[in-house]
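Data from coords27.cif: mmCIF, C-alpha atoms
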data_input
loop_
_atom_site.label_atom_id
_atom_site.label_comp_id
_atom_site.auth_asym_id
_atom_site.auth_seq_id
_atom_site.Cartn_x
_atom_site.Cartn_y
_atom_site.Cartn_z
CA MET K 1 71.29 110.62 11.06
CA ASN K 2 72.60 109.61 14.45
CA ASN K 3 71.28 106.13 15.34
CA LYS K 4 71.96 106.50 19.06
CA ILE K 5 68.84 107.19 21.12
CA GLU K 6 69.33 110.54 22.79
CA ASN K 7 66.01 110.66 24.62
CA PHE K 8 62.76 108.72 24.81
CA MET K 9 59.38 108.68 26.52
CA ARG K 10 56.52 106.24 26.90
CA LEU K 11 52.88 106.99 27.49
CA ASP K 12 49.90 104.67 28.09
CA PHE K 13 46.31 105.88 28.30
CA PRO K 14 42.73 104.60 27.89
CA SER K 15 41.18 104.56 24.42
CA LYS K 16 38.89 107.51 25.14
CA SER K 17 38.40 110.20 22.52
CA CYS K 18 39.24 112.92 25.08
CA ASN K 19 42.78 111.50 25.21
CA GLU K 20 43.46 112.22 21.53
CA SER K 21 44.22 115.89 22.26
CA PHE K 22 46.20 114.89 25.37
CA SER K 23 48.40 112.51 23.36
CA ARG K 24 49.00 115.13 20.70
CA ALA K 25 50.02 117.72 23.31
CA ALA K 26 52.27 115.25 25.17
CA VAL K 27 54.11 114.22 22.00
CA ALA K 28 54.43 117.87 20.93
CA ALA K 29 55.90 118.80 24.31
CA PHE K 30 58.45 115.99 24.03
CA ALA K 31 59.26 116.78 20.37
CA SER K 32 59.75 120.49 21.09
CA GLN K 33 63.23 119.77 22.47
CA LEU K 34 64.31 119.47 18.82
CA ASP K 35 65.00 122.73 17.03
CA MET K 36 61.94 122.69 14.79
CA ASN K 37 59.67 125.24 13.23
CA ILE K 38 55.93 125.57 13.83
CA GLU K 39 55.09 123.70 10.62
CA GLU K 40 57.20 120.67 11.57
CA LEU K 41 55.61 120.59 15.03
CA ALA K 42 52.13 120.83 13.49
CA ASP K 43 52.98 117.95 11.13
CA ILE K 44 53.93 115.71 14.06
CA LYS K 45 50.83 116.68 16.04
CA THR K 46 48.56 115.98 13.08
CA ALA K 47 50.10 112.57 12.39
CA VAL K 48 49.84 111.58 16.07
CA SER K 49 46.20 112.67 16.13
CA GLU K 50 45.43 110.48 13.12
CA ALA K 51 47.21 107.43 14.55
CA VAL K 52 45.55 107.74 17.97
CA THR K 53 42.13 108.38 16.44
CA ASN K 54 42.54 105.27 14.26
CA SER K 55 43.30 103.22 17.38
CA ILE K 56 40.27 104.58 19.22
CA VAL K 57 37.77 104.43 16.36
CA HIS K 58 38.92 101.40 14.38
CA GLY K 59 41.18 99.45 16.73
CA TYR K 60 38.91 99.36 19.75
CA ARG K 61 35.54 100.25 18.15
CA GLY K 62 33.81 101.39 21.30
CA ILE K 63 35.37 98.87 23.68
CA LYS K 64 37.86 99.82 26.37
CA GLY K 65 41.53 99.39 25.67
CA ILE K 66 44.93 100.97 26.15
CA ILE K 67 46.87 102.98 23.61
CA HIS K 68 50.65 102.98 23.92
CA ILE K 69 52.89 105.72 22.55
CA GLU K 70 56.66 105.66 22.48
CA CYS K 71 58.78 108.54 21.20
CA ARG K 72 62.49 108.33 20.49
CA ILE K 73 64.86 111.10 19.46
CA PHE K 74 67.88 110.18 17.34
CA GLY K 75 69.96 113.21 16.37
CA ASP K 76 67.64 115.46 14.37
CA SER K 77 64.85 112.88 13.99
CA ILE K 78 61.92 111.82 16.10
CA THR K 79 60.21 108.44 15.82
CA VAL K 80 56.72 108.07 17.23
CA THR K 81 55.17 104.64 17.67
CA VAL K 82 51.44 104.31 18.39
CA ARG K 83 50.29 100.80 19.35
CA ASP K 84 47.00 99.22 20.36
CA GLU K 85 45.83 95.69 21.18
CA GLY K 86 42.55 96.13 19.38
CA ARG K 87 40.94 94.48 16.36
CA GLY K 88 43.94 94.75 14.07
CA ILE K 89 43.75 95.35 10.35
CA GLU K 90 42.74 92.51 8.09
CA ASP K 91 44.38 93.95 4.95
CA VAL K 92 46.96 96.68 5.71
CA LYS K 93 47.71 97.42 2.06
CA ARG K 94 44.03 98.03 1.35
CA ALA K 95 43.55 100.05 4.56
CA MET K 96 46.35 102.40 3.49
CA GLN K 97 44.60 103.29 0.23
CA PRO K 98 43.13 106.82 0.23
CA LEU K 99 39.39 106.93 0.99
CA PHE K 100 39.23 103.35 2.30
CA THR K 101 37.37 103.06 5.61
CA THR K 102 35.69 100.29 7.55
CA ASP K 103 33.45 102.84 9.29
CA ARG K 104 30.80 103.12 6.60
CA GLU K 105 28.09 104.53 8.89
CA GLY K 106 30.37 107.06 10.57
CA GLU K 107 31.85 110.29 9.38
CA ARG K 108 35.31 108.87 8.58
CA SER K 109 36.98 109.91 5.33
CA GLY K 110 39.47 107.05 5.02
CA MET K 111 42.38 109.46 4.83
CA GLY K 112 44.15 108.72 8.15
CA PHE K 113 47.13 106.81 6.74
CA THR K 114 47.39 109.24 3.82
CA VAL K 115 47.60 112.14 6.26
CA MET K 116 50.30 110.33 8.27
CA GLN K 117 52.29 109.67 5.08
CA THR K 118 51.94 113.30 4.02
CA PHE K 119 53.16 114.82 7.26
CA MET K 120 55.88 112.35 8.25
CA ASP K 121 59.00 111.23 6.38
CA LYS K 122 58.63 107.52 7.14
CA LEU K 123 55.60 105.41 8.00
CA SER K 124 55.27 101.71 8.67
CA VAL K 125 52.18 99.82 9.73
CA GLU K 126 52.27 96.36 11.27
CA SER K 127 49.07 94.62 12.23
CA VAL K 128 47.82 91.20 13.21
CA TYR K 129 44.10 90.81 12.71
CA GLY K 130 42.48 90.22 16.10
CA GLU K 131 45.60 91.27 18.04
CA GLY K 132 46.33 94.92 17.32
CA THR K 133 48.22 97.44 15.24
CA THR K 134 51.52 99.30 15.50
CA VAL K 135 52.09 102.49 13.53
CA THR K 136 55.65 103.84 13.46
CA MET K 137 56.33 107.31 12.06
CA THR K 138 59.59 109.23 11.72
CA LYS K 139 60.15 112.91 11.04
CA THR K 140 63.55 114.48 10.37
CA ILE K 141 63.70 118.06 11.57
CA GLY K 142 65.26 120.89 9.58
CA GLY K 143 65.58 119.22 6.23
CA GLU K 144 63.89 117.29 3.52
CA ALA K 145 64.32 113.60 4.20
CA ASP K 146 63.68 111.02 1.53
CA ALA K 147 60.13 109.74 1.92
CA ASP K 148 60.11 106.08 2.90
CA PHE K 149 56.82 104.43 3.69
CA GLY K 150 58.40 101.12 4.58
CA GLU K 151 57.09 97.65 4.18
CA ILE K 152 53.39 97.17 4.27
#
Go ahead and express the file in the form of structure tokens.
Amino acid sequence: MNNKIENFMRLDFPSKSCNESFSRAAVAAFASQLDMNIEELADIKTAVSEAVTNSIVHGYRGIKGIIHIECRIFGDSITVTVRDEGRGIEDVKRAMQPLFTTDREGERSGMGFTVMQTFMDKLSVESVYGEGTTVTMTKTIGGEADADFGEI
């Protein structure tokens, strides 16, 4: 993999649920410059949707905030970072377990991080409780990369 950034973009938007589809489309448009198939593009869109939805639903929990997305292309890979300054995650390791959710009254399945891990090649989650969360995901296009879910 080429470690030199070939292209990047940044996007900031309010934590409104209507912006989830916007963020997914914006990242897909940026990612489409890589020579990828429909399945790879759908994987990226799905992972971005999960990360942004987590920021809206869990990070900000009904209060106004800003979600920040940064995308970087390195050779045949794209890295997408989704960051919020919301509530943060008290126990990241526990939050990444399938079926765990803090939204017990809602309709959340607790599968957001599992979905991100499934559709991306690398995933790392950094969070400071009370300050926010950063989710960084990487997908290598056109090949099977070794799955690496980073430090938790």
TODO: List the residues matched by the PyMOL selection byres ((chain K and resi 80) around 6) in the displayed structure as a ChimeraX atom specification, ordered by chain and then by residue number.
DONE: /K:70-71,79,81,136-137
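Note on the selection: in this file the PyMOL selection byres ((chain K and resi 9) around 9) comes out as Asn7, Phe8, Arg10, Leu11, Val27, Phe30, Ile69, Glu70, Cys71 and Arg72 of chain K.
For the residues K:Val82, K:Ala42, K:Arg94, K:Gly59, ranking by smallest atom-to-atom distance to Val128 in chain K using only C-alpha atoms places K:Gly59 first.
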To test the calculation: enclose all listed atoms of range 86-96 of chain K in a box whose edges run along x, y and z, add 5 Å on each side, then state centre and edge lengths in Å to one decimal, as AutoDock Vina command-line options.
--center_x 44.3 --center_y 97.5 --center_z 10.4 --size_x 16.8 --size_y 19.9 --size_z 28.0
TODO: Run through the PyMOL selection byres ((chain K and resi 141) around 8) on the given coordinates and return the selected residues as a count of residues only.
DONE: 11
- [ ] Find, counting all atoms listed in the file, the residue in K:His58, K:Lys45, K:Lys16, K:Arg24 that gets nearest to Met120 in chain K.
- [x] K:Lys45
Open item on the list: Here is a test: counting only C-alpha atoms, which residue of K:Val92, K:Ile56, K:Ser17, K:Val48 is nearest to Ala31 in chain K?
Closed with: K:Val48
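The shortest atom-to-atom distance to Tyr60 in chain K, with only C-alpha atoms taken into account, belongs to K:Glu85 out of K:Asp121, K:Glu20, K:Glu85, K:Glu6.
Using all atoms listed in the file, the shortest contact distance between Thr118 in chain K and any of K:Ile67, K:Asp43, K:Lys93, K:Phe74 is found at K:Asp43.
Distances here use all atoms listed in the file; by that measure, the residue among K:Thr134, K:Ser32, K:Gly62, K:Asn54 closest to Arg83 in chain K is K:Thr134.
Note that CA of Asp12 in chain K and CA of His68 in chain K are 4.6 Å apart.
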